[in-house]
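*Asks:* CSV, C-alpha atoms, saved as protein_20.csv, coming up:
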```csv
chain,number,residue,atom,x,y,z
A,96,ASP,CA,-4.7,71.5,78.5
A,97,ALA,CA,-7.0,69.3,80.6
A,98,GLY,CA,-6.7,66.4,78.2
A,99,VAL,CA,-9.6,64.4,76.8
A,100,ILE,CA,-12.6,64.7,79.1
A,101,GLN,CA,-15.3,62.1,79.3
A,102,SER,CA,-18.5,62.1,81.1
A,103,PRO,CA,-20.0,60.5,83.1
A,104,ARG,CA,-17.2,58.5,84.8
A,105,HIS,CA,-19.7,55.9,85.8
A,106,GLU,CA,-23.2,55.1,84.5
A,107,VAL,CA,-25.6,52.5,85.8
A,108,THR,CA,-28.8,52.0,83.9
A,109,GLU,CA,-31.5,49.5,83.3
A,110,MET,CA,-31.9,47.4,80.2
A,111,GLY,CA,-33.9,49.3,77.6
A,112,GLN,CA,-32.9,52.7,78.7
A,113,GLU,CA,-31.1,55.2,76.5
A,114,VAL,CA,-27.5,55.9,77.4
A,115,THR,CA,-25.4,58.9,76.2
A,116,LEU,CA,-21.7,59.1,76.7
A,117,ARG,CA,-19.9,62.4,76.1
A,118,CYS,CA,-16.4,63.4,75.1
A,119,LYS,CA,-14.5,66.6,74.8
A,120,PRO,CA,-11.3,66.1,72.8
A,121,ILE,CA,-8.1,68.1,73.3
A,122,SER,CA,-8.4,71.5,71.8
A,123,GLY,CA,-6.9,71.6,68.3
A,124,HIS,CA,-7.1,67.9,67.7
A,125,ASN,CA,-8.8,66.9,64.5
A,126,SER,CA,-9.4,63.2,65.0
A,127,LEU,CA,-11.6,61.5,67.6
A,128,PHE,CA,-12.0,57.9,68.4
A,129,TRP,CA,-14.4,55.8,70.4
A,130,TYR,CA,-13.2,52.5,71.9
A,131,ARG,CA,-14.9,49.9,74.0
A,132,GLN,CA,-13.1,47.6,76.4
A,133,THR,CA,-14.3,44.3,78.0
A,134,MET,CA,-12.5,41.5,79.5
A,135,MET,CA,-13.6,39.1,76.8
A,136,ARG,CA,-12.9,41.3,73.7
A,137,GLY,CA,-10.2,43.7,74.9
A,138,LEU,CA,-10.0,47.2,73.4
A,139,GLU,CA,-12.2,47.5,70.3
A,140,LEU,CA,-12.4,50.5,68.0
A,141,LEU,CA,-16.0,51.5,67.4
A,142,ILE,CA,-15.8,54.5,65.3
A,143,TYR,CA,-13.5,57.4,64.4
A,144,PHE,CA,-14.0,60.9,63.1
A,145,ASN,CA,-11.7,63.2,61.2
A,146,ASN,CA,-12.6,66.9,61.1
A,147,ASN,CA,-16.0,66.0,62.6
A,148,VAL,CA,-16.8,63.6,59.8
A,149,PRO,CA,-17.2,59.9,60.5
A,150,ILE,CA,-14.5,58.0,58.6
A,151,ASP,CA,-15.0,54.4,59.7
A,152,ASP,CA,-17.9,53.1,61.7
A,153,SER,CA,-17.3,49.4,60.9
A,154,GLY,CA,-16.7,48.6,64.5
A,155,MET,CA,-20.1,49.8,65.7
A,156,PRO,CA,-21.7,46.6,66.9
A,157,GLU,CA,-25.2,47.3,65.7
A,158,ASP,CA,-27.9,49.9,65.0
A,159,ARG,CA,-28.5,50.5,68.6
A,160,PHE,CA,-25.2,52.4,68.7
A,161,SER,CA,-24.8,55.8,67.1
A,162,ALA,CA,-22.1,58.5,67.4
A,163,LYS,CA,-22.1,62.1,66.5
A,164,MET,CA,-19.6,64.9,66.4
A,165,PRO,CA,-21.5,68.2,65.9
A,166,ASN,CA,-18.4,70.3,66.3
A,167,ALA,CA,-14.7,70.0,66.9
A,168,SER,CA,-15.0,70.1,70.7
A,169,PHE,CA,-17.8,67.6,71.4
A,170,SER,CA,-18.8,64.1,70.6
A,171,THR,CA,-21.5,61.7,71.8
A,172,LEU,CA,-21.9,58.0,71.7
A,173,LYS,CA,-25.5,56.9,72.2
A,174,ILE,CA,-26.9,53.4,72.9
A,175,GLN,CA,-30.6,53.0,72.5
A,176,PRO,CA,-31.9,50.7,73.8
A,177,SER,CA,-29.2,49.5,76.1
A,178,GLU,CA,-28.6,45.8,76.9
A,179,PRO,CA,-26.6,44.1,79.6
A,180,ARG,CA,-24.0,43.0,77.0
A,181,ASP,CA,-23.2,46.6,76.4
A,182,SER,CA,-21.6,46.8,79.9
A,183,ALA,CA,-18.0,47.9,79.3
A,184,VAL,CA,-15.6,50.7,79.7
A,185,TYR,CA,-16.0,53.2,76.9
A,186,PHE,CA,-12.9,55.3,76.0
A,187,CYS,CA,-12.7,58.4,73.9
A,188,ALA,CA,-9.4,59.4,72.3
A,189,SER,CA,-8.2,62.3,70.2
A,190,SER,CA,-5.2,63.0,68.1
A,191,GLY,CA,-3.9,66.1,66.5
A,192,THR,CA,-1.6,65.2,63.6
A,193,GLY,CA,-2.4,66.6,60.2
A,194,GLY,CA,-4.2,64.9,57.4
A,195,GLY,CA,-5.3,61.4,58.3
A,196,SER,CA,-2.4,60.2,60.2
A,197,THR,CA,-2.5,59.0,63.8
A,198,GLU,CA,0.8,59.3,65.4
A,199,LYS,CA,-0.2,59.7,69.0
A,200,LEU,CA,-3.6,59.1,70.6
A,201,PHE,CA,-4.6,60.7,73.9
A,202,PHE,CA,-7.2,58.8,75.8
A,203,GLY,CA,-9.7,60.0,78.3
A,204,SER,CA,-10.3,58.3,81.6
A,205,GLY,CA,-13.2,56.3,80.2
A,206,THR,CA,-16.9,55.8,81.2
A,207,GLN,CA,-17.7,52.6,83.1
A,208,LEU,CA,-21.1,51.5,81.9
A,209,SER,CA,-23.2,48.9,83.7
A,210,VAL,CA,-26.5,47.9,82.2
A,211,LEU,CA,-28.6,45.9,84.6
B,166,ASP,CA,-2.3,46.2,59.0
B,167,ALA,CA,0.3,43.6,60.1
B,168,LYS,CA,-0.5,41.5,63.1
B,169,THR,CA,1.8,41.4,66.2
B,170,THR,CA,2.7,38.7,68.6
B,171,GLN,CA,3.6,39.5,72.2
B,172,PRO,CA,4.1,37.3,75.3
B,173,PRO,CA,1.0,37.4,77.5
B,174,SER,CA,3.0,38.3,80.6
B,175,MET,CA,6.4,39.0,82.1
B,176,ASP,CA,7.8,40.0,85.4
B,177,CYS,CA,10.6,42.5,86.1
B,178,ALA,CA,12.5,43.6,89.2
B,179,GLU,CA,12.3,47.2,90.2
B,180,GLY,CA,15.3,49.2,89.1
B,181,ARG,CA,16.2,46.7,86.4
B,182,ALA,CA,15.6,47.2,82.6
B,183,ALA,CA,12.5,45.6,81.2
B,184,ASN,CA,12.8,44.3,77.7
B,185,LEU,CA,9.4,43.7,76.0
B,186,PRO,CA,9.5,41.8,72.7
B,187,CYS,CA,7.1,42.0,69.8
B,188,ASN,CA,7.0,40.0,66.7
B,189,HIS,CA,5.6,41.5,63.5
B,190,SER,CA,7.0,39.3,60.7
B,191,THR,CA,4.4,40.5,58.1
B,192,ILE,CA,5.1,44.2,58.5
B,193,SER,CA,5.0,46.2,55.3
B,194,GLY,CA,7.5,48.9,54.3
B,195,ASN,CA,5.1,51.8,55.2
B,196,GLU,CA,4.0,50.5,58.5
B,197,TYR,CA,5.1,52.0,61.8
B,198,VAL,CA,5.6,50.2,65.1
B,199,TYR,CA,3.7,51.8,68.0
B,200,TRP,CA,3.8,51.1,71.7
B,201,TYR,CA,1.1,52.0,74.2
B,202,ARG,CA,0.5,51.0,77.8
B,203,GLN,CA,-2.5,50.8,80.0
B,204,ILE,CA,-2.3,51.1,83.7
B,205,HIS,CA,-5.2,49.5,85.5
B,206,SER,CA,-8.4,51.4,85.2
B,207,GLN,CA,-6.9,54.1,83.1
B,208,GLY,CA,-7.0,54.9,79.4
B,209,PRO,CA,-4.1,53.7,77.2
B,210,GLN,CA,-1.0,55.9,77.1
B,211,TYR,CA,1.2,56.5,74.1
B,212,ILE,CA,4.9,55.5,74.7
B,213,ILE,CA,6.8,55.6,71.5
B,214,HIS,CA,6.7,54.8,67.8
B,215,GLY,CA,9.2,54.2,65.0
B,216,LEU,CA,9.7,53.1,61.4
B,217,LYS,CA,13.2,51.8,60.9
B,218,ASN,CA,15.6,53.5,63.2
B,219,ASN,CA,15.8,53.0,66.9
B,220,GLU,CA,14.0,55.6,68.9
B,221,THR,CA,14.4,57.0,72.4
B,222,ASN,CA,12.3,59.4,74.5
B,223,GLU,CA,11.9,60.2,78.1
B,224,MET,CA,9.8,57.1,78.7
B,225,ALA,CA,11.5,54.3,76.8
B,226,SER,CA,13.6,53.1,73.9
B,227,LEU,CA,12.4,51.2,70.9
B,228,ILE,CA,14.8,48.9,69.1
B,229,ILE,CA,13.7,47.6,65.7
B,230,THR,CA,15.6,44.8,63.9
B,231,GLU,CA,17.1,45.5,60.6
B,232,ASP,CA,14.6,43.3,58.8
B,233,ARG,CA,11.8,45.1,60.8
B,234,LYS,CA,10.2,41.8,61.6
B,235,SER,CA,10.5,42.3,65.4
B,236,SER,CA,11.1,45.0,67.9
B,237,THR,CA,11.9,45.5,71.6
B,238,LEU,CA,10.6,48.1,73.9
B,239,ILE,CA,13.1,48.9,76.7
B,240,LEU,CA,12.1,50.5,80.0
B,241,PRO,CA,15.6,51.4,81.3
B,242,HIS,CA,14.9,51.4,85.0
B,243,ALA,CA,11.5,49.8,85.8
B,244,THR,CA,9.5,51.2,88.7
B,245,LEU,CA,6.4,49.9,90.4
B,246,ARG,CA,4.4,52.5,88.4
B,247,ASP,CA,5.4,50.8,85.2
B,248,THR,CA,3.2,47.8,86.0
B,249,ALA,CA,0.7,47.8,83.1
B,250,VAL,CA,-0.4,46.1,80.0
B,251,TYR,CA,1.9,47.0,77.1
B,252,TYR,CA,0.6,47.0,73.6
B,253,CYS,CA,2.7,46.7,70.4
B,254,ILE,CA,0.8,47.8,67.3
B,255,VAL,CA,1.8,48.0,63.7
B,256,LYS,CA,0.0,50.5,61.5
B,257,ALA,CA,0.5,52.4,58.3
B,258,ASP,CA,0.8,56.1,59.2
B,259,SER,CA,-2.3,57.0,57.2
B,260,TRP,CA,-5.9,57.3,58.2
B,261,GLY,CA,-6.0,56.6,61.9
B,262,LYS,CA,-7.2,53.2,62.9
B,263,LEU,CA,-5.2,51.9,65.8
B,264,GLN,CA,-6.2,48.4,66.6
B,265,PHE,CA,-5.1,47.0,70.0
B,266,GLY,CA,-4.3,43.3,70.6
B,267,ALA,CA,-4.0,41.4,73.9
B,268,GLY,CA,-0.7,43.0,74.9
B,269,THR,CA,1.8,41.9,77.5
B,270,GLN,CA,0.9,42.2,81.2
B,271,VAL,CA,4.1,43.5,82.9
B,272,VAL,CA,4.4,43.3,86.6
B,273,VAL,CA,7.3,45.1,88.3
B,274,THR,CA,8.1,43.7,91.7
B,275,PRO,CA,10.1,45.2,94.5
```
What is this structure when it is put down as structure tokens?
*Replies:*
Amino acid sequence: DAGVIQSPRHEVTEMGQEVTLRCKPISGHNSLFWYRQTMMRGLELLIYFNNNVPIDDSGMPEDRFSAKMPNASFSTLKIQPSEPRDSAVYFCASSGTGGGSTEKLFFGSGTQLSVL
Amino acid sequence: DAKTTQPPSMDCAEGRAANLPCNHSTISGNEYVYWYRQIHSQGPQYIIHGLKNNETNEMASLIITEDRKSSTLILPHATLRDTAVYYCIVKADSWGKLQFGAGTQVVVTP
């Protein structure tokens, strides 16, 4: 398996533009997580899905952020409009244990987002 | 979920064992101890987890005290590639919500 695949690896955009980050989880995994990492705040959990259903989005910073998981093999995190303070590394992770448990998360390589 | 306390940094000589402490004095009976690490510019990587008993895998050993209020991650023979931030996380093994703290920056030196 190729692991969790994120795209793009790097994204540079201007303030006010829409940004879409993409994630393909490991085949067979039923939980998917979006994290954001900055120097100031460390790794923050934004949202997670189980069986394609959003379970907890309490970490989503504001309405400009939205996430979808239309099927078991694809998820997007969208920022509209983007702001310079959104600059961070965004990680996607998936896990495959049954029910709601999270025994082992597999992380992608991340998307480095820079909003100018 | 219970909070954890880790030293912000520690050094280790290559080839020696690295012992990483973690305090989780408010841990509940159903909460597991997880360890992840993050090598620079990469996503975090799962290392090991345990509930009560000591655990060992190909990467490391996890020693949990009898009262479960603290644990130690042991890297038996540290290499330069083990330089990373190590996160100790306590979480009930239920709906997945793994929250990362500041971790311990481990630097392995030749």
*Asks:* Quick check, in Å to one decimal: how far apart do atom CA of Val107 of chain A and atom CA of Leu208 of chain A lie?
*Replies:*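 Rounded to one decimal, the two atoms are 6.0 Å apart.
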*Asks:* Select residues of chain B: the criterion is any atom within 12 Å of an atom of chain A, counting only C-alpha atoms; output as a ChimeraX atom specification.
*Replies:* /B:196-216,250,252,254-268
*Asks:* Quick one: everything within 12 Å of Arg180 of chain A, counting only C-alpha atoms, minus sequence neighbours fewer than 6 positions away in the same chain. Send it as a PyMOL selection string.
*Replies:* chain A and resi 109-111+131-136+156+174+208-211
*Asks:* Ranking A:Ser170, A:Ser182, A:Ser177, A:Ser153 by minimum distance to Leu116 of chain A and counting only C-alpha atoms, which one comes first?
*Replies:*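 Distance minimum relative to Leu116 of chain A lands on A:Ser170.
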*Asks:* Distance atom CA of Val273 of chain B-atom CA of His105 of chain A, one decimal place?
*Replies:* 29.2 Å
*Asks:* Using only C-alpha atoms, can you tell me which of B:Gly180, B:Glu223, B:Ala243, B:Cys187 comes closest to Thr269 of chain B?
*Replies:*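 Closest to Thr269 of chain B, using only C-alpha atoms: B:Cys187.
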*Asks:* Given only C-alpha atoms as the basis, pick out the residue of B:Ser174, B:Lys168, B:Pro186, B:Arg233 nearest to Ala249 of chain B.
*Replies:* B:Ser174
*Asks:* What gap, in Å, lies between atom CA of Ile228 of chain B and atom CA of Asn184 of chain B?
*Replies:* 10.0 Å
*Asks:* Show me the residues around (17.9, 44.0, 83.2) - criterion: an atom at most 12 Å away, only C-alpha atoms counted - as a PyMOL selection string.
*Replies:* chain B and resi 176-185+239-243+273
*Asks:* List the neighbours of Asp232 of chain B out to 12 Å using all atoms listed in the file; skip same-chain residues closer than 6 positions along the sequence, and give me the result as a ChimeraX atom specification.
*Replies:* /B:188-194,216-218
